[in-house]
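Visitor: Below: one structure in structure tokens.
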There are 2 protein chains.
Amino acid sequence: MILDGKKIAAEIRSELHLAIDALLREGKRAPKLAVVIVGHNPASETYVANKIKACSEVGIEAEKIALEADITEQELLEEVKRLNEDISVDGFIVQLPLPEHIRETTILSAIDYRKDVDGLTPENVGRTVQGLPSLVSATPKGIRELLARYNIQTEGKHVVVVGRSNIVGKPIAMLLMQRPYLSLPGMSAASLGNATVTVCHSKTQDLAAISRTADIIIVAAGYPKLLTADMVKEGAVIIDVGINRVEVPSDNVQSTKYKLVGDVDFENVAPKASYITPVPGGVGPMTIVSLLQNTLQAYQNHKS
Amino acid sequence: MILDGKKIAAEIRSELHLAIDALLREGKRAPKLAVVIVGHNPASETYVANKIKACSEVGIEAEKIALEADITEQELLEEVKRLNEDISVDGFIVQLPLPEHIRETTILSAIDYRKDVDGLTPENVGRTVQGLPSLVSATPKGIRELLARYNIQTEGKHVVVVGRSNIVGKPIAMLLMQRPYLSLPGMSAASLGNATVTVCHSKTQDLAAISRTADIIIVAAGYPKLLTADMVKEGAVIIDVGINRVEVPSDNVQSTKYKLVGDVDFENVAPKASYITPVPGGVGPMTIVSLLQNTLQAYQNHKS
């Protein structure tokens, strides 16, 4: 069965829209997200435009703060501090990557964790690990939500995570291994957790032997067709976080065509899987919606 | 082979003593640790006394700050803020548990992570997870050091961690799975990491099937004889973090005798293990020495 991230993301956007309309009818202000973009990286411009569009669709006010690439680290830090203190802003993100002369960790560490709707500050990561209320970063939050909406239980299951990045592998491992701590309003994701979790990566020996024991496999490694059918147990749940651009063979020598594929050999793995995310349309659509959910959460914490 | 934590801890204390003597000969001040204790819990009094004694043995100045159990949360927060700002204090700890009317997470979160030599603040935990310079909490730091001093490689090994506590299970899993980031002066622990890590716990199904695949097993669950010989592969490395007080059978009905045992059935597991920590004398002695190392590290960061 396909885990339809596009459909679930649309459902969540509808729910967010309703929730924010209700706030407005009560005479409250709308939640507000600020998006800082430094320089003119085309991919970043597209991501930021998509985030702002997604905000406006659900009624979140969004402000784009565009800064030139020659801004100093100190000036960007000042902007972060200003946003930390601006009571009209519930949450903000600094679009990555930053120009090379600016240290990303310095900038991220300066963001007030209560406004860190990307969930990338050490404080938020630590709070997530310790099971304290936190803003969870977009991709792991989206994966957890997708599992929850399809009522896929994780308790006692063996989850194998392939990839140990700070933004996907490590946080999703933490979320799924720990006791379910939070009761989040209007969602069942909080009941997830209690899984036995193995984290594999480029130094893992005999990945296939481990992945074959998994009830749930989450692949976030960045290699097309890394996970093949022989590596998967019959009935496993497959979550594919990869987004790889690969060439499509074509007779036309004048133009090269590309398509997006995940880290999973979808065609051959899907028949064995009980549930599987497609690429595109699986985990991807869940990430922007996580940002919207975090902005509303920051607004609610902010107001309370 | 026995992993002799007592011996290694003594070696490290000697090294620390030499390093601090060298500082003093250069005309620098000694590192200083402050230990806050609230109330008169006898176990806490003992722990604090041991920590202060360990400091004085290596030349770290230690100040005990004893507060009464009826102190308010706000007053304790003020004390934490004072210590954050006191430039004569390199690091400090607040001995747990705190009285019930004080929220531990509130107090811990208020500690400046640069002085958090217990490594328990969310900021330090998040920095450890993200591979940024951090003060690592005592037990995981001690385990890593013990493995390093015996030159036990972790790269590509399957490490099974039994227990998912915030102070042992989760952080040691993070340390051993990640790329080796830090080059720490005078120690080889930084080269550890790159392991495939599985975290098991009370909800894990068929722990024995998983532990039998492990090259290294770290048990921090708090149950005597949880890990038995049939659960261990021939040649595995066994790290026992448990400290359990069990009754010793005695003919004397008038007095009950106790002894300390770990979570591992030592007698039967030891013959199969390539390396194993005893209890007591294994991980235990490494924890206080980790605190001393962290205090020196905080001093060096502070001065630089």
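Just remember, in the structure tokens the first chain shown is A, the second B, etc., residues are 1-based per chain, and ligands are 1-based in the order shown.
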Find the nearest atom pair between each residue of chain B and chain A for residues within 8 Å, count only C-alpha atoms, give distances in Å to one decimal, sort rows by chain and ascending number, and present the table as a tab-separated table.
Guide:
```
residue	atom	partner	partner_atom	distance
B:Thr121	CA	A:Gly126	CA	7.7
B:Pro122	CA	A:Gly126	CA	4.1
B:Glu123	CA	A:Glu123	CA	4.2
B:Asn124	CA	A:Gly126	CA	7.1
B:Val125	CA	A:Gly126	CA	4.8
B:Gly126	CA	A:Gly126	CA	3.8
B:Arg127	CA	A:Pro122	CA	5.2
B:Val129	CA	A:Asn166	CA	7.5
B:Gln130	CA	A:Asn166	CA	5.8
B:Glu155	CA	A:Lys203	CA	6.9
B:Gly156	CA	A:Thr204	CA	5.0
B:Lys157	CA	A:Thr204	CA	7.5
B:Arg164	CA	A:Gln178	CA	7.1
B:Asn166	CA	A:Gln130	CA	5.8
B:Lys170	CA	A:Val129	CA	7.6
B:Met174	CA	A:Lys170	CA	7.8
B:Met177	CA	A:Val199	CA	7.4
B:Gln178	CA	A:Arg164	CA	7.1
B:Asn194	CA	A:Lys203	CA	6.1
B:Ala195	CA	A:Thr204	CA	7.0
B:Thr196	CA	A:Cys200	CA	5.2
B:Val197	CA	A:Thr198	CA	5.5
B:Thr198	CA	A:Thr198	CA	4.0
B:Val199	CA	A:Val197	CA	5.5
B:Cys200	CA	A:Thr196	CA	5.2
B:His201	CA	A:Thr196	CA	7.2
B:Lys203	CA	A:Gly156	CA	5.1
B:Thr204	CA	A:Gly156	CA	5.0
B:Gln205	CA	A:Gly156	CA	5.8
```
Visitor: Fewer than 6 positions away in the same chain doesn't count, so skip those; otherwise give me all residues within 6 Å of B:Ala236, counting only C-alpha atoms, as number ranges by chain.
Guide: B: 215-216, 273-274
Visitor: Go ahead and save the residues from that selection, with N, CA and C atoms, as an mmCIF file, in the first residue's frame.
Guide:
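So the final result, stored in again_31.cif, reads:
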```cif
data_model
loop_
_atom_site.group_PDB
_atom_site.id
_atom_site.type_symbol
_atom_site.label_atom_id
_atom_site.label_comp_id
_atom_site.auth_asym_id
_atom_site.auth_seq_id
_atom_site.Cartn_x
_atom_site.Cartn_y
_atom_site.Cartn_z
ATOM 1 N N ASP B 215 28.869 -7.189 18.476
ATOM 2 C CA ASP B 215 30.307 -7.257 18.755
ATOM 3 C C ASP B 215 30.615 -6.620 20.107
ATOM 4 N N ILE B 216 29.820 -5.602 20.454
ATOM 5 C CA ILE B 216 29.991 -4.893 21.727
ATOM 6 C C ILE B 216 28.602 -4.732 22.334
ATOM 7 N N ALA B 273 33.475 -13.697 26.830
ATOM 8 C CA ALA B 273 33.778 -12.326 26.400
ATOM 9 C C ALA B 273 35.261 -12.156 26.097
ATOM 10 N N SER B 274 35.565 -11.315 25.103
ATOM 11 C CA SER B 274 36.970 -10.961 24.874
ATOM 12 C C SER B 274 37.414 -9.921 25.911
#
```
Visitor: Compare B:Asp90, B:Leu146, B:Ser56, B:Lys6 by their minimum atom-to-atom distance to B:Gln300, counting only C-alpha atoms, and give me the closest one.
Guide: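 The answer is B:Asp90, which sits nearest to B:Gln300.
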Visitor: So that I can see what lies close to B:Val48, please list as a list in words the residues with an atom at most 9 Å from it, counting only C-alpha atoms and leaving out residues fewer than 2 positions away in the same chain.
Guide: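 So the residues in contact are Val35, Val36, Ile37, Ala43, Ser44, Glu45, Thr46, Asn50, Lys51, Ile52, Lys53, Lys64 and Gln95 of chain B.
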Visitor: Neighbouring residues of A:Ala34 were defined as those with any atom within 10 Å, considering only C-alpha atoms; residues of the same chain fewer than 6 positions away were excluded. Please report them as a ChimeraX atom specification.
Guide: /A:52,61-65,83,88-94,115,295
Visitor: Going by DSSP on the backbone, which bits of stretch 81-212 of chain B are helix (DSSP H, G or I)? Write them as a PyMOL selection string, please.
Guide: chain B and resi 81-85+104-110+113-115+122-130+138-149+169-177+189-191+207-211
Visitor: Set the distance at 10 Å and use only C-alpha atoms: which residues neighbour B:Ala270 once local chain neighbours fewer than 4 positions away are removed? I'd like the list as an MDAnalysis selection string.
Guide: chainID B and resid 1:2 228:229 232 235:238 264:266 274:278
Visitor: Taking C-alpha atoms for each residue, export the selection above as a compact mmCIF listing (two decimals), in the first residue's frame.
Guide:
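Result file selection-v1.txt:
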```
# COMPACT_ATOMS: atom_id res chain seq x y z
CA MET B 1 40.17 -9.86 29.73
CA ILE B 2 39.02 -7.52 32.45
CA THR B 228 23.17 -14.07 30.42
CA ALA B 229 25.74 -16.21 28.63
CA VAL B 232 26.31 -13.26 24.04
CA GLY B 235 34.42 -12.93 21.76
CA ALA B 236 32.04 -10.03 22.37
CA VAL B 237 33.06 -6.97 24.41
CA ILE B 238 30.79 -6.48 27.44
CA VAL B 264 25.50 -8.89 33.56
CA ASP B 265 25.72 -12.47 34.82
CA PHE B 266 29.46 -11.93 35.14
CA SER B 274 36.97 -10.96 24.87
CA TYR B 275 36.75 -7.99 27.27
CA ILE B 276 34.37 -7.36 30.16
CA THR B 277 33.96 -4.73 32.86
CA PRO B 278 33.59 -5.93 36.46
```
Visitor: Just list the residues in stretch 160-218 of chain B DSSP gives strand (DSSP E) on the backbone, as a ChimeraX atom specification.
Guide: /B:160-162,196-200,216-218
Visitor: Would you save the residues from that selection as a PDB file, in the first residue's frame, using N, CA and C atoms?
Guide:
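As a result, out.pdb now contains:
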```
ATOM      1  N   VAL B 160      25.300  -3.096  20.554  1.00  0.00           N
ATOM      2  CA  VAL B 160      23.939  -3.158  21.073  1.00  0.00           C
ATOM      3  C   VAL B 160      23.924  -2.506  22.452  1.00  0.00           C
ATOM      4  N   VAL B 161      23.102  -1.456  22.584  1.00  0.00           N
ATOM      5  CA  VAL B 161      22.944  -0.747  23.843  1.00  0.00           C
ATOM      6  C   VAL B 161      21.626  -1.203  24.456  1.00  0.00           C
ATOM      7  N   VAL B 162      21.667  -1.679  25.698  1.00  0.00           N
ATOM      8  CA  VAL B 162      20.442  -2.116  26.362  1.00  0.00           C
ATOM      9  C   VAL B 162      20.088  -1.065  27.413  1.00  0.00           C
ATOM     10  N   THR B 196      27.773   0.605  13.959  1.00  0.00           N
ATOM     11  CA  THR B 196      26.345   0.377  13.724  1.00  0.00           C
ATOM     12  C   THR B 196      25.724   0.139  15.095  1.00  0.00           C
ATOM     13  N   VAL B 197      24.752   0.947  15.474  1.00  0.00           N
ATOM     14  CA  VAL B 197      24.256   0.902  16.848  1.00  0.00           C
ATOM     15  C   VAL B 197      22.780   0.541  16.906  1.00  0.00           C
ATOM     16  N   THR B 198      22.460  -0.427  17.748  1.00  0.00           N
ATOM     17  CA  THR B 198      21.062  -0.775  18.021  1.00  0.00           C
ATOM     18  C   THR B 198      20.753  -0.450  19.478  1.00  0.00           C
ATOM     19  N   VAL B 199      19.671   0.268  19.712  1.00  0.00           N
ATOM     20  CA  VAL B 199      19.248   0.572  21.083  1.00  0.00           C
ATOM     21  C   VAL B 199      18.032  -0.290  21.425  1.00  0.00           C
ATOM     22  N   CYS B 200      18.200  -1.113  22.460  1.00  0.00           N
ATOM     23  CA  CYS B 200      17.128  -1.994  22.943  1.00  0.00           C
ATOM     24  C   CYS B 200      16.653  -1.508  24.301  1.00  0.00           C
ATOM     25  N   ILE B 216      29.820  -5.602  20.454  1.00  0.00           N
ATOM     26  CA  ILE B 216      29.991  -4.893  21.727  1.00  0.00           C
ATOM     27  C   ILE B 216      28.602  -4.732  22.334  1.00  0.00           C
ATOM     28  N   ILE B 217      28.453  -5.090  23.618  1.00  0.00           N
ATOM     29  CA  ILE B 217      27.160  -4.928  24.296  1.00  0.00           C
ATOM     30  C   ILE B 217      27.355  -3.998  25.493  1.00  0.00           C
ATOM     31  N   ILE B 218      26.530  -2.961  25.552  1.00  0.00           N
ATOM     32  CA  ILE B 218      26.575  -2.021  26.666  1.00  0.00           C
ATOM     33  C   ILE B 218      25.240  -2.132  27.390  1.00  0.00           C
TER      34      ILE B 218
END
```
